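Dropping protein21.txt in here (compact mmCIF, C-alpha atoms):
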```txt
# COMPACT_ATOMS: atom_id res chain seq x y z
CA MET J 1 0.00 0.00 0.00
CA ASN J 2 1.37 3.35 -0.91
CA ALA J 3 0.11 5.55 1.90
CA SER J 4 1.89 8.67 0.69
CA GLN J 5 -0.39 8.92 -2.34
CA GLN J 6 -3.50 8.73 -0.19
CA HIS J 7 -2.48 10.82 2.81
CA PRO J 8 0.23 13.34 1.89
CA GLU J 9 -0.64 15.50 4.92
CA ARG J 10 -0.46 12.60 7.37
CA ASP J 11 2.86 11.37 5.95
CA ARG J 12 4.34 14.82 6.17
CA LEU J 13 3.65 14.91 9.91
CA GLU J 14 4.55 11.27 10.60
CA GLY J 15 8.22 11.73 11.58
CA VAL J 16 7.71 15.06 13.35
CA ALA J 17 8.25 15.34 17.13
CA ASP J 18 5.28 15.40 19.52
CA ALA J 19 6.09 18.97 20.62
CA ILE J 20 5.62 20.36 17.08
CA LEU J 21 2.41 18.39 16.56
CA VAL J 22 1.04 19.69 19.87
CA GLU J 23 1.87 23.28 18.86
CA ARG J 24 0.06 22.85 15.56
CA ALA J 25 -2.92 21.24 17.27
CA VAL J 26 -3.11 24.08 19.82
CA ASP J 27 -3.26 26.48 16.86
CA GLY J 28 -6.18 24.46 15.49
CA ASP J 29 -4.55 21.94 13.14
CA THR J 30 -6.72 18.82 13.33
CA ALA J 31 -4.38 16.82 11.04
CA ALA J 32 -1.59 17.22 13.62
CA PHE J 33 -3.94 15.98 16.34
CA GLU J 34 -4.90 13.03 14.16
CA THR J 35 -1.21 12.07 13.97
CA LEU J 36 -1.02 12.23 17.79
CA ILE J 37 -4.04 9.92 18.05
CA ARG J 38 -2.44 7.41 15.66
CA ARG J 39 0.85 7.60 17.56
CA HIS J 40 -0.43 7.30 21.14
CA GLY J 41 -3.90 5.79 20.72
CA PRO J 42 -2.80 2.12 20.75
CA LEU J 43 -0.97 2.33 24.11
CA MET J 44 -3.87 4.30 25.59
CA ARG J 45 -6.37 1.68 24.42
CA ALA J 46 -4.29 -1.24 25.74
CA TYR J 47 -3.68 0.49 29.06
CA THR J 48 -7.29 1.59 29.54
CA ALA J 49 -8.53 -1.90 28.69
CA ARG J 50 -6.37 -3.27 31.53
CA ILE J 51 -7.96 -0.78 33.92
CA VAL J 52 -11.62 -1.03 32.93
CA GLY J 53 -11.49 -4.72 31.97
CA SER J 54 -13.12 -4.53 28.54
CA MET J 55 -11.98 -3.38 25.13
CA ALA J 56 -15.35 -1.88 24.18
CA ASP J 57 -15.51 0.21 27.36
CA ALA J 58 -11.86 1.17 26.93
CA ASP J 59 -12.60 2.45 23.42
CA ASP J 60 -15.36 4.71 24.81
CA VAL J 61 -13.04 6.01 27.52
CA VAL J 62 -10.18 6.69 25.08
CA GLN J 63 -12.52 8.53 22.70
CA ASP J 64 -13.54 10.77 25.60
CA ALA J 65 -9.90 11.17 26.55
CA PHE J 66 -8.94 12.48 23.10
CA HIS J 67 -11.91 14.78 23.02
CA THR J 68 -10.94 16.19 26.43
CA ALA J 69 -7.31 16.43 25.33
CA TRP J 70 -8.23 18.49 22.25
CA ARG J 71 -10.12 21.00 24.39
CA ARG J 72 -7.46 21.21 27.08
CA LEU J 73 -4.38 21.06 24.86
CA PRO J 74 -3.69 24.82 25.25
CA GLU J 75 -3.18 24.16 29.01
CA LEU J 76 -0.39 21.64 28.42
CA ARG J 77 2.80 23.33 29.67
CA ASP J 78 5.39 20.97 28.18
CA PRO J 79 4.28 19.92 24.68
CA ALA J 80 7.04 17.28 24.53
CA ALA J 81 5.40 15.49 27.48
CA VAL J 82 2.10 14.92 25.68
CA ARG J 83 2.16 11.14 26.13
CA PRO J 84 2.18 11.06 29.96
CA TRP J 85 -0.38 13.87 29.85
CA LEU J 86 -2.68 11.82 27.59
CA MET J 87 -2.18 8.74 29.79
CA ARG J 88 -3.15 10.80 32.78
CA ILE J 89 -6.37 12.01 31.14
CA ALA J 90 -7.19 8.41 30.16
CA SER J 91 -6.45 7.25 33.74
CA ARG J 92 -8.74 9.86 35.21
CA LEU J 93 -11.62 9.07 32.84
CA ALA J 94 -11.14 5.33 33.34
CA LEU J 95 -11.36 5.74 37.12
CA THR J 96 -14.42 7.97 36.79
CA TYR J 97 -15.99 5.34 34.55
CA LEU J 98 -15.34 2.63 37.15
CA ARG J 99 -16.79 4.75 39.95
CA ARG J 100 -20.04 5.09 38.02
CA LYS J 101 -20.19 1.34 37.45
CA PRO J 102 -22.25 -0.59 40.05
CA ALA J 103 -19.80 -1.78 42.72
CA ASP J 104 -21.09 -5.35 42.84
CA VAL J 105 -20.37 -6.10 39.18
CA ALA J 106 -17.08 -7.99 39.08
CA LEU J 107 -14.71 -6.97 36.30
CA PRO J 108 -14.00 -9.70 33.79
CA ALA J 109 -10.38 -10.80 33.56
CA LEU J 110 -8.80 -9.64 30.32
CA GLU J 111 -7.49 -12.51 28.24
CA VAL J 112 -3.97 -12.26 26.93
CA ALA J 113 -3.90 -12.97 23.21
CA LEU J 114 -1.11 -15.39 22.37
CA PRO J 115 0.70 -14.88 19.07
CA ALA J 116 1.25 -18.07 17.08
CA ASP J 117 4.55 -17.18 15.43
CA GLY J 118 8.24 -17.04 16.47
CA GLN J 119 10.51 -19.66 17.98
CA PRO J 120 8.07 -22.22 19.39
CA GLU J 121 9.85 -23.02 22.68
CA ASN J 122 10.89 -19.48 23.60
CA VAL J 123 7.51 -18.16 22.61
CA ALA J 124 5.79 -20.80 24.71
CA VAL J 125 7.85 -19.93 27.80
CA ARG J 126 7.41 -16.22 27.30
CA ASN J 127 3.69 -16.55 26.71
CA ALA J 128 3.35 -18.66 29.82
CA GLN J 129 5.21 -15.95 31.76
CA LEU J 130 2.99 -13.21 30.37
CA LYS J 131 -0.09 -15.29 31.10
CA ALA J 132 1.11 -15.86 34.68
CA LEU J 133 1.70 -12.13 35.11
CA SER J 134 -1.71 -11.33 33.68
CA VAL J 135 -3.27 -13.78 36.16
CA ALA J 136 -1.19 -12.32 39.01
CA LEU J 137 -2.44 -8.83 38.11
CA ASP J 138 -6.02 -10.06 38.18
CA THR J 139 -5.63 -11.48 41.70
CA LEU J 140 -4.73 -8.05 43.10
CA SER J 141 -7.46 -5.99 44.74
CA GLU J 142 -8.96 -3.41 42.38
CA ASP J 143 -7.23 -0.57 44.20
CA GLN J 144 -3.87 -2.30 44.14
CA ARG J 145 -4.19 -3.10 40.45
CA ARG J 146 -5.12 0.48 39.57
CA CYS J 147 -2.19 1.83 41.60
CA TRP J 148 0.13 -0.59 39.84
CA LEU J 149 -1.11 0.40 36.36
CA LEU J 150 -1.00 4.13 37.11
CA ARG J 151 2.56 3.72 38.36
CA GLU J 152 4.00 1.21 35.88
CA VAL J 153 2.25 2.22 32.64
CA ALA J 154 1.13 5.82 33.04
CA GLU J 155 4.28 6.50 35.14
CA LEU J 156 2.46 8.82 37.52
CA SER J 157 4.21 9.90 40.72
CA TYR J 158 2.91 8.63 44.09
CA ASP J 159 1.39 12.07 44.74
CA ASP J 160 -0.34 12.12 41.35
CA ILE J 161 -1.76 8.63 41.90
CA ALA J 162 -3.04 9.74 45.32
CA GLN J 163 -4.74 12.73 43.70
CA GLU J 164 -6.32 10.65 40.93
CA MET J 165 -7.55 7.95 43.32
CA GLU J 166 -8.62 10.44 45.98
CA VAL J 167 -6.65 8.74 48.79
CA PRO J 168 -3.64 9.86 50.87
CA THR J 169 -0.15 9.33 49.39
CA ALA J 170 0.76 6.99 52.27
CA THR J 171 -2.15 4.75 51.23
CA VAL J 172 -0.86 4.63 47.65
CA ARG J 173 2.61 3.74 48.91
CA GLY J 174 1.14 0.89 50.98
CA LYS J 175 -1.05 -0.44 48.16
CA LEU J 176 1.82 -0.37 45.67
CA ALA J 177 4.18 -2.11 48.07
CA ARG J 178 1.63 -4.85 48.70
CA ALA J 179 0.84 -5.14 44.98
CA ARG J 180 4.55 -5.56 44.17
CA ALA J 181 5.11 -8.11 46.93
CA SER J 182 2.05 -10.08 45.87
CA ILE J 183 3.01 -10.15 42.18
CA TYR J 184 6.60 -10.99 43.11
CA ALA J 185 5.43 -13.93 45.22
CA GLN J 186 3.11 -15.24 42.51
CA MET J 187 5.78 -14.94 39.85
CA GLU J 188 8.37 -16.79 41.93
CA GLY J 189 8.22 -19.89 39.76
CA TRP J 190 8.65 -17.91 36.55
CA ARG J 191 11.56 -15.63 37.27
CA MET W 1 -5.24 -11.61 53.57
CA ASN W 2 -2.17 -13.78 54.04
CA GLU W 3 -0.63 -13.07 50.65
CA ASN W 4 -0.75 -9.36 51.38
CA GLU W 5 1.39 -9.73 54.51
CA PRO W 6 4.84 -8.19 54.07
CA ARG W 7 7.14 -10.93 52.86
CA THR W 8 10.35 -11.00 54.84
CA LEU W 9 13.57 -12.52 53.49
CA ASN W 10 15.81 -14.58 55.79
CA CYS W 11 18.15 -11.59 56.07
CA GLY W 12 15.34 -9.49 57.55
CA LYS W 13 14.61 -7.20 54.58
CA THR W 14 11.08 -7.10 53.14
CA ILE W 15 10.13 -7.16 49.46
CA GLU W 16 8.48 -3.76 50.04
CA GLU W 17 11.80 -2.27 51.23
CA LEU W 18 13.63 -3.70 48.24
CA SER W 19 10.99 -2.49 45.82
CA ALA W 20 11.20 1.03 47.29
CA TYR W 21 15.01 0.87 46.96
CA LEU W 22 14.64 -0.15 43.31
CA ALA W 23 12.09 2.62 42.68
CA ALA W 24 14.69 5.09 43.98
CA ASP W 25 17.20 3.79 41.38
CA ARG W 26 19.22 2.06 44.15
CA THR W 27 20.21 5.40 45.67
CA PRO W 28 21.45 6.26 48.22
CA TYR W 29 23.68 3.19 47.98
CA ASP W 30 22.75 0.73 50.72
CA PRO W 31 25.61 -1.67 51.51
CA SER W 32 23.37 -3.88 53.65
CA ILE W 33 21.35 -4.61 50.49
CA GLU W 34 24.12 -4.55 47.86
CA ALA W 35 26.30 -7.00 49.83
CA CYS W 36 23.48 -9.45 50.58
CA PRO W 37 23.09 -12.30 48.05
CA GLU W 38 19.47 -12.85 49.05
CA CYS W 39 18.60 -9.16 48.54
CA LEU W 40 20.43 -9.04 45.19
CA ASN W 41 18.52 -12.10 44.07
CA ALA W 42 15.21 -10.47 45.03
CA LEU W 43 16.17 -7.18 43.31
CA GLN W 44 16.88 -9.12 40.14
CA GLY W 45 13.52 -10.85 40.43
CA LEU W 46 11.69 -7.54 40.93
CA THR W 47 13.43 -6.04 37.90
CA ARG W 48 12.48 -9.08 35.86
CA VAL W 49 8.81 -8.74 36.86
CA SER W 50 8.87 -5.09 35.90
CA GLN W 51 10.36 -5.91 32.47
CA LEU W 52 7.86 -8.70 32.00
CA PHE W 53 5.04 -6.30 32.76
CA HIS W 54 6.41 -3.92 30.15
CA ASP W 55 6.43 -6.86 27.70
CA LEU W 56 2.83 -7.64 28.62
CA ILE W 57 1.61 -4.15 27.75
CA THR W 58 3.73 -4.16 24.57
CA GLN W 59 2.08 -7.42 23.59
CA ASP W 60 -1.35 -5.97 24.41
CA VAL W 61 -0.55 -3.12 22.01
CA THR W 62 0.67 -5.50 19.27
CA ASP W 63 -2.37 -7.76 19.55
CA LEU W 64 -4.82 -4.91 19.99
CA PRO W 65 -8.00 -5.50 18.00
CA ALA W 66 -8.94 -2.69 15.63
CA PRO W 67 -11.31 -0.23 17.28
CA ARG W 68 -14.97 -0.48 16.30
CA GLU W 69 -16.06 1.06 13.03
CA ASN W 70 -16.13 4.88 13.06
CA TRP W 71 -14.20 5.03 16.37
CA PHE W 72 -11.59 7.26 14.83
CA GLU W 73 -14.01 9.29 12.70
CA ASP W 74 -16.21 10.01 15.75
CA ILE W 75 -13.27 11.59 17.55
CA MET W 76 -12.38 13.71 14.53
CA THR W 77 -15.99 14.83 13.99
CA ASN W 78 -16.22 16.00 17.60
CA ILE W 79 -12.95 17.87 17.29
CA HIS W 80 -13.89 19.58 14.03
CA ARG W 81 -16.95 20.97 15.82
CA GLU W 82 -14.72 22.79 18.26
CA VAL W 83 -12.58 24.81 15.92
CA ARG W 84 -10.26 27.34 17.51
CA SER W 85 -11.06 30.61 15.75
CA GLY W 86 -9.19 33.14 17.89
CA ARG W 87 -9.43 36.88 17.21
CA SER W 88 -11.29 38.46 14.31
CA LEU W 89 -9.15 40.24 11.69
CA PRO W 90 -10.87 43.00 9.69
CA LEU W 91 -10.61 42.96 5.89
CA PRO W 92 -11.09 46.27 4.05
CA HIS W 93 -13.90 46.53 1.52
CA PRO W 94 -14.67 49.53 -0.77
CA ASP W 95 -18.32 49.41 0.27
CA LYS W 96 -18.56 50.76 3.86
CA ARG W 97 -21.74 48.78 4.48
CA VAL W 98 -19.84 45.52 4.00
CA ASP W 99 -18.24 44.14 7.14
CA LEU W 100 -15.62 41.58 6.18
CA SER W 101 -13.37 39.72 8.56
CA LEU W 102 -11.09 36.72 8.76
CA THR W 103 -10.59 34.55 11.84
CA GLU W 104 -7.14 34.33 13.39
CA GLY W 105 -7.44 30.53 13.17
CA ALA W 106 -7.79 30.80 9.39
CA VAL W 107 -4.68 33.02 9.18
CA LEU W 108 -2.66 30.55 11.26
CA ALA W 109 -3.81 27.75 8.93
CA LEU W 110 -2.72 29.91 5.98
CA ILE W 111 0.76 30.37 7.51
CA ARG W 112 1.02 26.60 8.14
CA SER W 113 0.15 25.91 4.48
CA ALA W 114 2.79 28.42 3.39
CA GLY W 115 5.23 26.30 5.44
CA ASP W 116 4.00 23.10 3.84
CA ILE W 117 5.26 24.35 0.43
CA VAL W 118 8.84 24.35 1.77
CA PRO W 119 10.27 20.83 1.35
CA GLY W 120 11.31 19.14 4.60
CA LEU W 121 9.96 21.88 6.83
CA VAL W 122 7.02 21.61 9.23
CA ILE W 123 5.71 24.65 11.12
CA GLY W 124 4.86 24.18 14.80
CA THR W 125 3.22 27.16 16.43
CA CYS W 126 2.44 30.60 14.92
CA HIS W 127 1.85 33.84 16.79
CA LEU W 128 0.54 37.13 15.49
CA LYS W 129 1.93 39.79 17.82
CA GLY W 130 0.26 43.16 17.63
CA ASN W 131 -3.25 44.56 17.55
CA VAL W 132 -4.52 42.53 14.60
CA GLU W 133 -8.07 43.82 15.15
CA GLU W 134 -6.93 47.38 14.32
CA PRO W 135 -6.52 47.91 10.52
CA GLY W 136 -2.96 48.89 9.58
CA ALA W 137 -1.46 48.24 13.04
CA PRO W 138 2.04 46.71 12.83
CA VAL W 139 2.04 42.93 13.26
CA ASP W 140 5.02 40.68 14.00
CA VAL W 141 4.68 37.08 12.94
CA SER W 142 6.67 34.46 14.81
CA VAL W 143 6.71 30.76 14.01
CA THR W 144 8.54 27.70 15.28
CA ALA W 145 9.43 24.89 12.90
CA SER W 146 11.00 21.47 12.62
CA ILE W 147 13.24 20.63 9.68
CA VAL W 148 14.43 17.39 8.11
CA TRP W 149 18.01 16.30 8.83
CA ASN W 150 20.63 17.52 6.35
CA GLN W 151 18.42 20.28 4.99
CA PRO W 152 20.31 23.62 4.86
CA ILE W 153 18.51 25.75 7.45
CA PRO W 154 19.25 29.26 6.03
CA ASP W 155 17.81 28.32 2.60
CA ALA W 156 14.68 26.80 4.11
CA THR W 157 14.00 29.74 6.45
CA ARG W 158 14.58 32.26 3.65
CA THR W 159 12.07 30.44 1.43
CA LEU W 160 9.61 30.11 4.32
CA ARG W 161 9.82 33.81 5.15
CA THR W 162 9.12 34.74 1.50
CA HIS W 163 6.14 32.34 1.33
CA ILE W 164 4.64 33.70 4.57
CA TYR W 165 4.98 37.34 3.43
CA GLU W 166 3.39 36.49 0.08
CA ALA W 167 0.53 34.48 1.52
CA LEU W 168 -0.34 37.17 4.09
CA ALA W 169 -0.10 39.96 1.49
CA THR W 170 -2.38 38.06 -0.89
CA HIS W 171 -5.06 36.95 1.55
CA THR W 172 -5.03 39.43 4.46
CA ALA W 173 -4.76 43.17 5.09
CA LEU W 174 -2.20 42.71 7.87
CA ASN W 175 0.69 45.19 8.07
CA VAL W 176 3.40 42.57 8.60
CA THR W 177 6.56 44.22 9.93
CA SER W 178 8.60 41.08 10.61
CA VAL W 179 8.55 37.30 10.30
CA ASN W 180 10.63 35.54 12.96
CA ILE W 181 11.42 31.87 12.52
CA THR W 182 12.81 29.60 15.24
CA ILE W 183 13.94 26.12 14.21
CA LYS W 184 13.09 24.09 17.30
CA ASP W 185 13.65 20.57 16.18
CA LEU W 186 15.11 18.28 13.52
CA HIS W 187 13.23 15.25 12.27
CA ARG W 188 13.83 12.36 9.89
CA ALA W 189 11.92 12.17 6.66
CA LEU W 190 9.55 9.23 6.40
CA SER W 191 11.17 8.21 3.11
CA ASP W 192 14.58 7.96 4.89
CA GLU W 193 13.17 5.41 7.31
CA ASN W 194 11.69 3.43 4.45
CA LYS W 195 15.05 3.34 2.69
CA GLU W 196 16.69 1.79 5.75
CA ASN W 197 14.14 -1.02 5.97
```

If you convert what's in this file into structure tokens, what do you get?
Amino acid sequence: MNASQQHPERDRLEGVADAILVERAVDGDTAAFETLIRRHGPLMRAYTARIVGSMADADDVVQDAFHTAWRRLPELRDPAAVRPWLMRIASRLALTYLRRKPADVALPALEVALPADGQPENVAVRNAQLKALSVALDTLSEDQRRCWLLREVAELSYDDIAQEMEVPTATVRGKLARARASIYAQMEGWR
Amino acid sequence: MNENEPRTLNCGKTIEELSAYLAADRTPYDPSIEACPECLNALQGLTRVSQLFHDLITQDVTDLPAPRENWFEDIMTNIHREVRSGRSLPLPHPDKRVDLSLTEGAVLALIRSAGDIVPGLVIGTCHLKGNVEEPGAPVDVSVTASIVWNQPIPDATRTLRTHIYEALATHTALNVTSVNITIKDLHRALSDENKEN
């Protein structure tokens, strides 16, 4: 497929740094924002799906996140740091979404898709490891799992996590420590 | 809640302590940890789990199903509804009863397209400094840009400046007194990456 013939504008912006795309988008360039969505959308969808537990719900949340991001883009102080900023918006909306959900509905465990290619033995071991980690994540309490995701994927600071989850920083520290110890213990056989 | 109890190693350190030490990039250096084989073993295990988790998310991204139909288009439609227009720039018209104006957003888009004519150059932000709502008031234009590696910067900025002056003279009534260009970044052309593959 020759994409350059179909989307000259998109291709032109493809290799350009986030900071420049953000500046264009702040000035009203929707094509620049489109490039940001294509660049960061996949990680945001994968991450949000791990938090809310379903791909369909994650897609709703991420749509909202981009819409919010477009409106609030002029407030972003460091345009180069757009990815953590987007992840933070997605985190906040995902947590809001979960708060609105009835508390007694258990979240379904997200299946890890296993690719069928590559070196069979290595792939099998690695997939088993990833599967074990996915299972270990699912055994955490909801709060612990959210803290872990906000810390490890969105790379929020302890204070930021506390703010997003509306709990004291000391509580976040405790939940993360317990989450790490629990995952570590469950992964003992796989390390 | 047995599995949530702090797990203590034989040497007395807990996994929580070691994980906090790791989170602090192993600083300040703690000899009681760094000289203890059991602690070093646990640190290695914690690092491995962290890497594995990174692999898990990477795999999630690779195996991500396509979003539902129109997912992308819905976002773009919403965004197009909220166009940033900015200030209103008057355009002179011989008939006094006709009130013509141009939005600042449209002028910024015009400047960006002037930049798009210059090969290898992509404009970032544009600012119109001055009272653009007052006809004839002096206006300074400043833009930032990114340029492709190996492109001679003076040639590109000279061409860009000419294009911006021309575009603004043709389509607006702005009294442009200067065009300032700051090259903020260098980027690789998409075709360069393709050549390497």

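Nearest residue to chain J among W:Val122, W:Cys36, W:Ala24, W:Ala114 is W:Val122, counting all atoms listed in the file.
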
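Using all atoms listed in the file, the set of residues no farther than 8 Å from the position (1.5, 23.4, 8.4) comprises J:Arg24, J:Asp29, W:Ala109, W:Ile111, W:Arg112, W:Ser113, W:Ala114, W:Gly115, W:Asp116, W:Val122, W:Ile123, W:Gly124.
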
**Request:** Have a look at W:Asn78, W:Val118, W:Pro31, W:Thr103 and name the one nearest to Leu91 in chain W; count only C-alpha atoms.
**Result:** W:Thr103

**Request:** Name all residues at most 8 Å from Leu100 in chain W (count all atoms listed in the file; drop same-chain ones fewer than 4 positions away) and give them as a ChimeraX atom specification.
**Result:** /W:90-93

Could you produce a table of the residues of chain W lying within 6 Å of chain J, with the nearest pair of atoms per residue and their separation in Å rounded to one decimal, using all atoms listed in the file, ordered by chain and increasing residue number, as a tab-separated table?
```
residue	atom	partner	partner_atom	distance
W:Asn4	CA	J:Arg178	CA	5.8
W:Ile15	CA	J:Ala181	CA	5.7
W:Glu16	CA	J:Ala177	CA	5.0
W:Leu56	CA	J:Leu130	CA	5.8
W:Asp60	CA	J:Ala46	CA	5.7
W:Val61	CA	J:Ala46	CA	5.6
W:Arg84	CA	J:Gly28	CA	5.4
W:Gly124	CA	J:Ile20	CA	4.5
W:Thr125	CA	J:Glu23	CA	4.8
W:His187	CA	J:Val16	CA	5.6
W:Arg188	CA	J:Gly15	CA	5.9
W:Leu190	CA	J:Gly15	CA	5.9
```

**Request:** For the point (-14.7, 5.0, 41.2) in the file's frame, write as a list in words all residues with an atom no more than 12 Å away, counting all atoms listed in the file.
**Result:** Ile51, Val52, Ser91, Arg92, Leu93, Ala94, Leu95, Thr96, Tyr97, Leu98, Arg99, Arg100, Lys101, Pro102, Ala103, Glu142, Asp143, Arg146, Glu164, Met165, Glu166 and Val167 of chain J

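The space between CA of Asp185 in chain W and CA of Ile147 in chain W spans 6.5 Å.
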
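In this structure, CA of Val141 in chain W sits 5.8 Å away from CA of His127 in chain W.
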
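The interatomic distance for the pair CA of Ala154 in chain J and CA of Ile89 in chain J works out to 9.9 Å.
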
**Asked** What's the 8 Å shell around Leu174 in chain W, counting all atoms listed in the file, without same-chain residues fewer than 2 positions away, as a PyMOL selection string?
**Response** chain W and resi 132+135-139+168-169+172+176
